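The block underneath contains the structure these notes are about, expressed in structure tokens.
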Amino acid sequence: MKTSMIVATYNRPRHLRLCIQSLADSTIRPSEVLIADDGSTPETIDTIRDLKKSLDHAFPIIHVRQEHEGCRKQILVNEAVRQSSGDYLIFT
């Protein structure tokens with residue numbers, strides 16, 4: 001059974017780091033993590049790049065991003081679903 005965790009974010013790099021680290025520290029980890037980023041600042045992009053490097057042993061991290069043009073979270077999350085490969089999807 002393959003699980004995909006979809007994490008939506010917008011300009012909260014500290015919270016994103018804590019969320020992804022908690023997934024890596026879990027007893028049962030998702031098969032992959034998709035970060036749905038609604039056009040965050042470069043600080044968030046750098047955080048995601050660092051997470052991909054430091055947690056590549058735990059699970060693959062896929063960065064799904066769109067430019068910020070107002071609240072379009074639903075469009076972005078749908079794109080993350082399309083890019084996921086899990087049998088089960090978990091959203092946070």
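Chain labels follow the order of the structure tokens: the first chain is A, the next B, and so on; residue numbering restarts at 1 in every chain, and ligands are counted from 1 in their shown order.
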| message | For the helix (DSSP H, G or I) assignment from backbone DSSP, which residues of chain A qualify? Please present them as a ChimeraX atom specification. | response | /A:13-24,42-54,73-83
| message | Excluding Lys73 of chain A and its own-chain neighbours fewer than 5 positions away, which residues fall within 9 Å of it when counting only C-alpha atoms? Please give them as a ChimeraX atom specification. | response | /A:8-9,36-38,78
| Which is closer to Leu51 of chain A than all the others in A:Ile90, A:Met5, A:Leu76, A:Leu16, using only C-alpha atoms? | A:Leu16
| request: Kindly indicate which residue among A:Ala80, A:Leu55, A:Ile6, A:Leu89 lies nearest to Asp25 of chain A, using only C-alpha atoms for the distances. | output: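 Nearest to Asp25 of chain A: A:Leu55.
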| field | Contacts of Ser31 of chain A at 7 Å (only C-alpha atoms; same-chain gap of 6+ positions) as a PyMOL selection string | value | chain A and resi 2-4+59
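Using only C-alpha atoms, the smallest distance between any of A:Asp50, A:Ser84, A:Leu34, A:Ile75 and Ile62 of chain A comes from A:Leu34.
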| task | One decimal, Å: what's the distance from atom CA of Asp87 of chain A over to atom CA of Val33 of chain A, could you say? | result |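 Separation between atom CA of Asp87 of chain A and atom CA of Val33 of chain A: 13.2 Å.
You can rank A:Arg29, A:Arg12, A:His63, A:Arg82 by their closest distance to Thr41 of chain A using only C-alpha atoms, and at the top of that list sits A:Arg12.
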| message | Considering only C-alpha atoms, can you say which of A:Tyr10, A:Lys53, A:Val81, A:Gln21 comes closest to Gln66 of chain A? | response |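 So, comparing all the options, the nearest one is A:Tyr10.
Considering the residues A:Ser40, A:Thr47, A:Ser22, A:Gln83 and counting only C-alpha atoms, Arg65 of chain A has its shortest atom-to-atom contact with A:Ser40.
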Name the residues of chain A that fall into strand (DSSP E) according to DSSP on the backbone, using the chain letters and numbers of this document, as a PDB file with N, CA, C and O atoms, in the first residue's frame.
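Generated file (result-v2.pdb):
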ATOM      1  N   THR A   3       1.220   5.359   0.163  1.00  0.00           N
ATOM      2  CA  THR A   3       0.486   6.532   0.618  1.00  0.00           C
ATOM      3  C   THR A   3       1.193   7.810   0.172  1.00  0.00           C
ATOM      4  O   THR A   3       2.426   7.888   0.199  1.00  0.00           O
ATOM      5  N   SER A   4       0.404   8.788  -0.223  1.00  0.00           N
ATOM      6  CA  SER A   4       0.917  10.105  -0.606  1.00  0.00           C
ATOM      7  C   SER A   4       0.380  11.135   0.375  1.00  0.00           C
ATOM      8  O   SER A   4      -0.828  11.243   0.557  1.00  0.00           O
ATOM      9  N   MET A   5       1.274  11.871   0.999  1.00  0.00           N
ATOM     10  CA  MET A   5       0.895  12.953   1.908  1.00  0.00           C
ATOM     11  C   MET A   5       0.985  14.251   1.124  1.00  0.00           C
ATOM     12  O   MET A   5       2.035  14.551   0.540  1.00  0.00           O
ATOM     13  N   ILE A   6      -0.109  15.015   1.104  1.00  0.00           N
ATOM     14  CA  ILE A   6      -0.130  16.297   0.411  1.00  0.00           C
ATOM     15  C   ILE A   6      -0.221  17.392   1.465  1.00  0.00           C
ATOM     16  O   ILE A   6      -1.168  17.447   2.249  1.00  0.00           O
ATOM     17  N   VAL A   7       0.808  18.252   1.478  1.00  0.00           N
ATOM     18  CA  VAL A   7       0.910  19.328   2.458  1.00  0.00           C
ATOM     19  C   VAL A   7       0.805  20.659   1.710  1.00  0.00           C
ATOM     20  O   VAL A   7       1.672  20.982   0.902  1.00  0.00           O
ATOM     21  N   ALA A   8      -0.258  21.413   1.960  1.00  0.00           N
ATOM     22  CA  ALA A   8      -0.424  22.729   1.340  1.00  0.00           C
ATOM     23  C   ALA A   8       0.276  23.779   2.194  1.00  0.00           C
ATOM     24  O   ALA A   8       0.214  23.736   3.425  1.00  0.00           O
ATOM     25  N   THR A   9       0.950  24.736   1.524  1.00  0.00           N
ATOM     26  CA  THR A   9       1.674  25.768   2.262  1.00  0.00           C
ATOM     27  C   THR A   9       1.662  27.084   1.511  1.00  0.00           C
ATOM     28  O   THR A   9       1.537  27.115   0.286  1.00  0.00           O
ATOM     29  N   GLU A  32       5.506   9.031  -0.079  1.00  0.00           N
ATOM     30  CA  GLU A  32       5.988  10.259  -0.696  1.00  0.00           C
ATOM     31  C   GLU A  32       5.261  11.439  -0.065  1.00  0.00           C
ATOM     32  O   GLU A  32       4.182  11.280   0.500  1.00  0.00           O
ATOM     33  N   VAL A  33       5.898  12.607  -0.136  1.00  0.00           N
ATOM     34  CA  VAL A  33       5.290  13.837   0.359  1.00  0.00           C
ATOM     35  C   VAL A  33       5.278  14.836  -0.784  1.00  0.00           C
ATOM     36  O   VAL A  33       6.309  15.077  -1.418  1.00  0.00           O
ATOM     37  N   LEU A  34       4.104  15.369  -1.054  1.00  0.00           N
ATOM     38  CA  LEU A  34       3.975  16.410  -2.067  1.00  0.00           C
ATOM     39  C   LEU A  34       3.684  17.720  -1.351  1.00  0.00           C
ATOM     40  O   LEU A  34       2.720  17.812  -0.594  1.00  0.00           O
ATOM     41  N   ILE A  35       4.544  18.707  -1.567  1.00  0.00           N
ATOM     42  CA  ILE A  35       4.342  20.020  -0.967  1.00  0.00           C
ATOM     43  C   ILE A  35       3.683  20.896  -2.008  1.00  0.00           C
ATOM     44  O   ILE A  35       4.276  21.194  -3.053  1.00  0.00           O
ATOM     45  N   ALA A  36       2.445  21.282  -1.741  1.00  0.00           N
ATOM     46  CA  ALA A  36       1.668  22.137  -2.640  1.00  0.00           C
ATOM     47  C   ALA A  36       1.899  23.578  -2.210  1.00  0.00           C
ATOM     48  O   ALA A  36       1.332  24.044  -1.229  1.00  0.00           O
ATOM     49  N   ASP A  37       2.734  24.285  -2.954  1.00  0.00           N
ATOM     50  CA  ASP A  37       3.203  25.623  -2.592  1.00  0.00           C
ATOM     51  C   ASP A  37       2.523  26.671  -3.475  1.00  0.00           C
ATOM     52  O   ASP A  37       2.750  26.724  -4.675  1.00  0.00           O
ATOM     53  N   ILE A  61      10.383  13.911  -1.664  1.00  0.00           N
ATOM     54  CA  ILE A  61       9.589  15.126  -1.521  1.00  0.00           C
ATOM     55  C   ILE A  61       9.440  15.736  -2.902  1.00  0.00           C
ATOM     56  O   ILE A  61      10.426  15.991  -3.590  1.00  0.00           O
ATOM     57  N   ILE A  62       8.194  15.969  -3.287  1.00  0.00           N
ATOM     58  CA  ILE A  62       7.883  16.535  -4.591  1.00  0.00           C
ATOM     59  C   ILE A  62       7.309  17.929  -4.362  1.00  0.00           C
ATOM     60  O   ILE A  62       6.326  18.089  -3.639  1.00  0.00           O
ATOM     61  N   HIS A  63       7.943  18.923  -4.978  1.00  0.00           N
ATOM     62  CA  HIS A  63       7.515  20.314  -4.816  1.00  0.00           C
ATOM     63  C   HIS A  63       6.601  20.685  -5.986  1.00  0.00           C
ATOM     64  O   HIS A  63       7.030  20.740  -7.126  1.00  0.00           O
ATOM     65  N   VAL A  64       5.334  20.910  -5.677  1.00  0.00           N
ATOM     66  CA  VAL A  64       4.347  21.331  -6.678  1.00  0.00           C
ATOM     67  C   VAL A  64       4.056  22.798  -6.392  1.00  0.00           C
ATOM     68  O   VAL A  64       3.581  23.127  -5.318  1.00  0.00           O
ATOM     69  N   ARG A  65       4.358  23.668  -7.364  1.00  0.00           N
ATOM     70  CA  ARG A  65       4.267  25.111  -7.103  1.00  0.00           C
ATOM     71  C   ARG A  65       3.491  25.809  -8.203  1.00  0.00           C
ATOM     72  O   ARG A  65       3.553  25.423  -9.365  1.00  0.00           O
ATOM     73  N   TYR A  88      -3.390   5.695  -1.574  1.00  0.00           N
ATOM     74  CA  TYR A  88      -4.159   6.483  -0.615  1.00  0.00           C
ATOM     75  C   TYR A  88      -3.563   7.879  -0.529  1.00  0.00           C
ATOM     76  O   TYR A  88      -2.339   8.030  -0.535  1.00  0.00           O
ATOM     77  N   LEU A  89      -4.420   8.885  -0.431  1.00  0.00           N
ATOM     78  CA  LEU A  89      -3.979  10.268  -0.311  1.00  0.00           C
ATOM     79  C   LEU A  89      -4.345  10.787   1.075  1.00  0.00           C
ATOM     80  O   LEU A  89      -5.444  10.565   1.557  1.00  0.00           O
ATOM     81  N   ILE A  90      -3.409  11.482   1.708  1.00  0.00           N
ATOM     82  CA  ILE A  90      -3.632  12.076   3.011  1.00  0.00           C
ATOM     83  C   ILE A  90      -3.319  13.562   2.871  1.00  0.00           C
ATOM     84  O   ILE A  90      -2.264  13.934   2.340  1.00  0.00           O
ATOM     85  N   PHE A  91      -4.218  14.412   3.328  1.00  0.00           N
ATOM     86  CA  PHE A  91      -4.074  15.853   3.167  1.00  0.00           C
ATOM     87  C   PHE A  91      -3.852  16.524   4.520  1.00  0.00           C
ATOM     88  O   PHE A  91      -4.463  16.154   5.508  1.00  0.00           O
TER      89      PHE A  91
END
